[in-house]
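K.L.:
Take a look at my_file_27.pdb, PDB, C-alpha atoms and all ligand atoms:
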ATOM      1  CA  MET A   1      17.578  55.023  15.250
ATOM      2  CA  GLU A   2      14.860  52.988  16.877
ATOM      3  CA  ASN A   3      15.773  49.513  18.039
ATOM      4  CA  LYS A   4      13.635  46.784  16.554
ATOM      5  CA  CYS A   5      12.613  43.887  18.796
ATOM      6  CA  THR A   6      14.567  40.743  17.899
ATOM      7  CA  LYS A   7      12.919  38.307  20.300
ATOM      8  CA  TYR A   8      10.339  36.886  17.856
ATOM      9  CA  GLU A   9      12.387  33.992  16.501
ATOM     10  CA  ALA A  10      13.701  32.963  19.918
ATOM     11  CA  LEU A  11      10.257  33.154  21.558
ATOM     12  CA  PHE A  12       8.575  31.374  18.620
ATOM     13  CA  THR A  13      11.097  28.563  18.779
ATOM     14  CA  PHE A  14      11.819  28.131  22.483
ATOM     15  CA  ALA A  15       9.134  29.818  24.618
ATOM     16  CA  ASP A  16       5.829  28.246  25.589
ATOM     17  CA  GLU A  17       2.660  29.480  23.901
ATOM     18  CA  LYS A  18       1.525  31.635  26.840
ATOM     19  CA  THR A  19       4.798  33.588  27.041
ATOM     20  CA  PHE A  20       4.883  33.992  23.271
ATOM     21  CA  ASN A  21       1.282  35.298  23.087
ATOM     22  CA  GLU A  22       1.822  37.720  25.980
ATOM     23  CA  HIS A  23       4.860  39.174  24.255
ATOM     24  CA  LEU A  24       2.881  39.478  20.997
ATOM     25  CA  LYS A  25       0.203  41.565  22.748
ATOM     26  CA  CYS A  26       2.671  44.211  23.922
ATOM     27  CA  CYS A  27       5.223  44.213  21.054
ATOM     28  CA  LYS A  28       4.358  45.842  17.728
ATOM     29  CA  ASP A  29       7.439  44.487  15.881
ATOM     30  CA  CYS A  30       6.652  40.915  16.815
ATOM     31  CA  GLN A  31       2.970  41.348  15.875
ATOM     32  CA  LEU A  32       4.054  42.416  12.379
ATOM     33  CA  GLU A  33       6.485  39.512  12.180
ATOM     34  CA  HIS A  34       3.746  37.113  13.304
ATOM     35  CA  GLU A  35       1.346  38.407  10.639
ATOM     36  CA  LYS A  36       4.021  37.855   7.970
ATOM     37  CA  MET A  37       4.615  34.324   9.243
ATOM     38  CA  ASN A  38       0.875  33.574   9.125
ATOM     39  CA  ALA A  39       0.628  34.926   5.568
ATOM     40  CA  VAL A  40       3.504  32.709   4.437
ATOM     41  CA  SER A  41       1.938  29.753   6.235
ATOM     42  CA  GLU A  42      -1.363  30.348   4.421
ATOM     43  CA  LEU A  43       0.442  30.524   1.075
ATOM     44  CA  ILE A  44       2.196  27.217   1.750
ATOM     45  CA  LYS A  45      -1.107  25.577   2.719
ATOM     46  CA  GLU A  46      -2.692  26.926  -0.466
ATOM     47  CA  ALA A  47       0.120  25.715  -2.728
ATOM     48  CA  ARG A  48       0.553  22.276  -1.118
ATOM     49  CA  PRO A  49      -2.174  20.407  -3.087
ATOM     50  CA  TYR A  50      -0.700  21.591  -6.404
ATOM     51  CA  PHE A  51       2.743  20.281  -5.497
ATOM     52  CA  LEU A  52       1.319  16.963  -4.306
ATOM     53  CA  LYS A  53      -0.710  16.636  -7.515
ATOM     54  CA  ARG A  54       2.376  17.369  -9.617
ATOM     55  CA  LYS A  55       4.367  14.756  -7.678
ATOM     56  CA  LYS A  56       1.639  12.159  -8.307
ATOM     57  CA  THR A  57       1.511  13.027 -12.021
ATOM     58  CA  ILE A  58       5.274  12.552 -12.337
ATOM     59  CA  ALA A  59       5.057   9.189 -10.525
ATOM     60  CA  LYS A  60       2.258   8.061 -12.855
ATOM     61  CA  ALA A  61       4.313   9.078 -15.898
ATOM     62  CA  LYS A  62       7.285   7.064 -14.610
ATOM     63  CA  ILE A  63       5.091   3.987 -14.096
ATOM     64  CA  ALA A  64       3.605   4.400 -17.578
ATOM     65  CA  CYS A  65       7.117   4.606 -19.094
ATOM     66  CA  ALA A  66       8.228   1.474 -17.231
ATOM     67  CA  VAL A  67       5.143  -0.476 -18.328
ATOM     68  CA  PHE A  68       5.600   0.701 -21.924
ATOM     69  CA  ALA A  69       9.265  -0.373 -21.932
ATOM     70  CA  MET A  70       8.342  -3.789 -20.495
ATOM     71  CA  CYS A  71       5.596  -4.306 -23.100
ATOM     72  CA  LEU A  72       7.893  -3.220 -25.929
ATOM     73  CA  SER A  73      10.739  -5.520 -24.876
ATOM     74  CA  ALA A  74       8.353  -8.429 -24.236
ATOM     75  CA  ALA A  75       6.781  -7.982 -27.689
ATOM     76  CA  THR A  76      10.191  -7.694 -29.374
ATOM     77  CA  LEU A  77      11.597 -10.759 -27.632
ATOM     78  CA  GLY A  78       8.369 -12.660 -28.289
ATOM     79  CA  VAL A  79       8.485 -11.906 -32.012
ATOM     80  CA  ILE A  80      12.158 -12.905 -32.210
ATOM     81  CA  ASN A  81      11.562 -16.142 -30.281
ATOM     82  CA  LEU A  82       8.465 -17.159 -32.252
ATOM     83  CA  ASN A  83       9.737 -16.153 -35.701
ATOM     84  CA  THR A  84      12.668 -18.517 -36.417
ATOM     85  CA  ASP A  85      13.694 -16.600 -39.566
ATOM     86  CA  ILE A  86      14.561 -13.532 -37.476
ATOM     87  CA  SER A  87      16.436 -15.488 -34.801
ATOM     88  CA  ASP A  88      18.310 -17.492 -37.498
ATOM     89  CA  THR A  89      19.295 -14.245 -39.243
ATOM     90  CA  ILE A  90      20.544 -12.828 -35.938
ATOM     91  CA  LYS A  91      22.474 -16.006 -35.000
ATOM     92  CA  TYR A  92      23.783 -17.229 -38.400
ATOM     93  CA  GLY A  93      23.439 -14.227 -40.702
ATOM     94  CA  THR A  94      20.948 -16.052 -42.965
ATOM     95  CA  THR A  95      17.710 -17.973 -42.675
ATOM     96  CA  LEU A  96      18.222 -21.709 -42.287
ATOM     97  CA  THR A  97      16.618 -24.109 -44.762
ATOM     98  CA  ALA A  98      15.392 -27.619 -43.984
ATOM     99  CA  GLU A  99      18.630 -28.895 -45.568
ATOM    100  CA  ASP A 100      20.724 -26.763 -43.191
ATOM    101  CA  LEU A 101      18.840 -28.345 -40.311
ATOM    102  CA  GLY A 102      19.761 -31.843 -41.541
ATOM    103  CA  PHE A 103      16.440 -32.992 -43.002
ATOM    104  CA  PRO A 104      16.345 -34.973 -46.267
ATOM    105  CA  VAL A 105      15.093 -32.577 -48.985
ATOM    106  CA  ASP A 106      14.179 -32.843 -52.666
ATOM    107  CA  ALA A 107      15.352 -30.541 -55.501
ATOM    108  CA  TYR A 108      12.822 -27.846 -54.491
ATOM    109  CA  GLY A 109      13.937 -27.693 -50.866
ATOM    110  CA  PHE A 110      10.903 -29.526 -49.503
ATOM    111  CA  VAL A 111      11.330 -32.181 -46.819
ATOM    112  CA  MET A 112      11.109 -35.682 -48.310
ATOM    113  CA  VAL A 113       8.773 -38.065 -46.568
ATOM    114  CA  GLU A 114       9.099 -41.729 -47.396
TER     115      GLU A 114
HETATM  116 ZN    ZN B 201       8.984  41.608  20.358
END
When written as structure tokens, how does the structure in this file appear?
P.N.:
Amino acid sequence: MENKCTKYEALFTFADEKTFNEHLKCCKDCQLEHEKMNAVSELIKEARPYFLKRKKTIAKAKIACAVFAMCLSAATLGVINLNTDISDTIKYGTTLTAEDLGFPVDAYGFVMVE
């Protein structure tokens, strides 16, 4: 069985460029390994923009959801605060009449003005 050169990883990681390139010139195993590494590197470079774009799209969707939730809660609270019938129903279980609020009223429930 032929022994395969196992120096590629160590030279790639620890050796200087000159030593690494000189070994590549005279070692077939490491040349093959280097070609594989370059192919993988090219693939990663090619795929990178798609991943970045996807990341940005997800971030935009999160921002849109947050803005939507803020608008919805602001509108809901605004309606409840401005419409006293709704806030009275929530607080007291019924809408309050002028009489309930302590104003002098006539038989029809209208405020009496003297
Ligand atoms: Zn080698």
K.L.:
Go through A:His34, A:Lys62, A:Lys91, A:Lys55 one by one, measure the shortest atom-to-atom distance of each to A:Phe20 using only C-alpha atoms, and give the residue with the smallest value.
P.N.:
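Distance minimum relative to A:Phe20 lands on A:His34.
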K.L.:
Go ahead and compute the interatomic distance for atom CA of A:Lys25 and atom CA of A:Leu11, in Å to one decimal.
P.N.:
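That distance, rounded to one decimal, is 13.2 Å.
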K.L.:
Using only C-alpha atoms for the distances, tell me which of A:Ser87, A:Thr6, A:Thr57, A:Asn81 is nearest to A:His23.
P.N.:
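Residue with the minimum atom-to-atom distance to A:His23: A:Thr6.
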K.L.:
At what distance in Å, to one decimal, does atom CA of A:Leu82 lie from atom CA of A:Thr95?
P.N.:
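Separating atom CA of A:Thr95 from atom CA of A:Leu82 is a distance of 14.0 Å.
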K.L.:
In Å, with one decimal, what is the gap from atom CA of A:Lys4 to atom CA of A:Lys36?
P.N.:
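Pair atom CA of A:Lys4 / atom CA of A:Lys36 returns 15.7 Å.
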K.L.:
Closest to A:Cys30 among A:Phe68, A:Phe12, A:Phe51, A:Tyr92, using all atoms listed in the file?
P.N.:
A:Phe12
K.L.:
Against ligand ZN 201 (chain B), which residues of chain A fall within 6 Å? For each one I want the closest pair of atoms and the distance in Å (one decimal), counting only C-alpha atoms and all ligand atoms, rows by chain and increasing residue number, as a Markdown table.
P.N.:
| residue | atom | partner | partner_atom | distance |
| --- | --- | --- | --- | --- |
| A:Cys5 | CA | B:ZN201 | ZN | 4.6 |
| A:Lys7 | CA | B:ZN201 | ZN | 5.1 |
| A:Tyr8 | CA | B:ZN201 | ZN | 5.5 |
| A:Cys27 | CA | B:ZN201 | ZN | 4.6 |
| A:Asp29 | CA | B:ZN201 | ZN | 5.5 |
| A:Cys30 | CA | B:ZN201 | ZN | 4.3 |
K.L.:
Translate the PyMOL selection byres (((chain A and resi 97) around 12) and not hetatm), as applied to the file shown, into an explicit residue set as a ChimeraX atom specification.
P.N.:
/A:84-85,88-89,92,94-96,98-105,108-111
K.L.:
Kindly save the residues from that selection, with C-alpha atoms included, as an mmCIF file, in the coordinates of the input.
P.N.:
data_model
loop_
_atom_site.group_PDB
_atom_site.id
_atom_site.type_symbol
_atom_site.label_atom_id
_atom_site.label_comp_id
_atom_site.auth_asym_id
_atom_site.auth_seq_id
_atom_site.Cartn_x
_atom_site.Cartn_y
_atom_site.Cartn_z
ATOM 1 C CA THR A 84 12.668 -18.517 -36.417
ATOM 2 C CA ASP A 85 13.694 -16.600 -39.566
ATOM 3 C CA ASP A 88 18.310 -17.492 -37.498
ATOM 4 C CA THR A 89 19.295 -14.245 -39.243
ATOM 5 C CA TYR A 92 23.783 -17.229 -38.400
ATOM 6 C CA THR A 94 20.948 -16.052 -42.965
ATOM 7 C CA THR A 95 17.710 -17.973 -42.675
ATOM 8 C CA LEU A 96 18.222 -21.709 -42.287
ATOM 9 C CA ALA A 98 15.392 -27.619 -43.984
ATOM 10 C CA GLU A 99 18.630 -28.895 -45.568
ATOM 11 C CA ASP A 100 20.724 -26.763 -43.191
ATOM 12 C CA LEU A 101 18.840 -28.345 -40.311
ATOM 13 C CA GLY A 102 19.761 -31.843 -41.541
ATOM 14 C CA PHE A 103 16.440 -32.992 -43.002
ATOM 15 C CA PRO A 104 16.345 -34.973 -46.267
ATOM 16 C CA VAL A 105 15.093 -32.577 -48.985
ATOM 17 C CA TYR A 108 12.822 -27.846 -54.491
ATOM 18 C CA GLY A 109 13.937 -27.693 -50.866
ATOM 19 C CA PHE A 110 10.903 -29.526 -49.503
ATOM 20 C CA VAL A 111 11.330 -32.181 -46.819
#
K.L.:
With 6 Å of padding per side, what axis-aligned box (centre and edge lengths, Å, one decimal) covers all the listed atoms of stretch 56-67 of chain A? Give it as JSON.
P.N.:
{"center_x": 4.9, "center_y": 6.3, "center_z": -13.7, "size_x": 18.7, "size_y": 25.5, "size_z": 22.8}
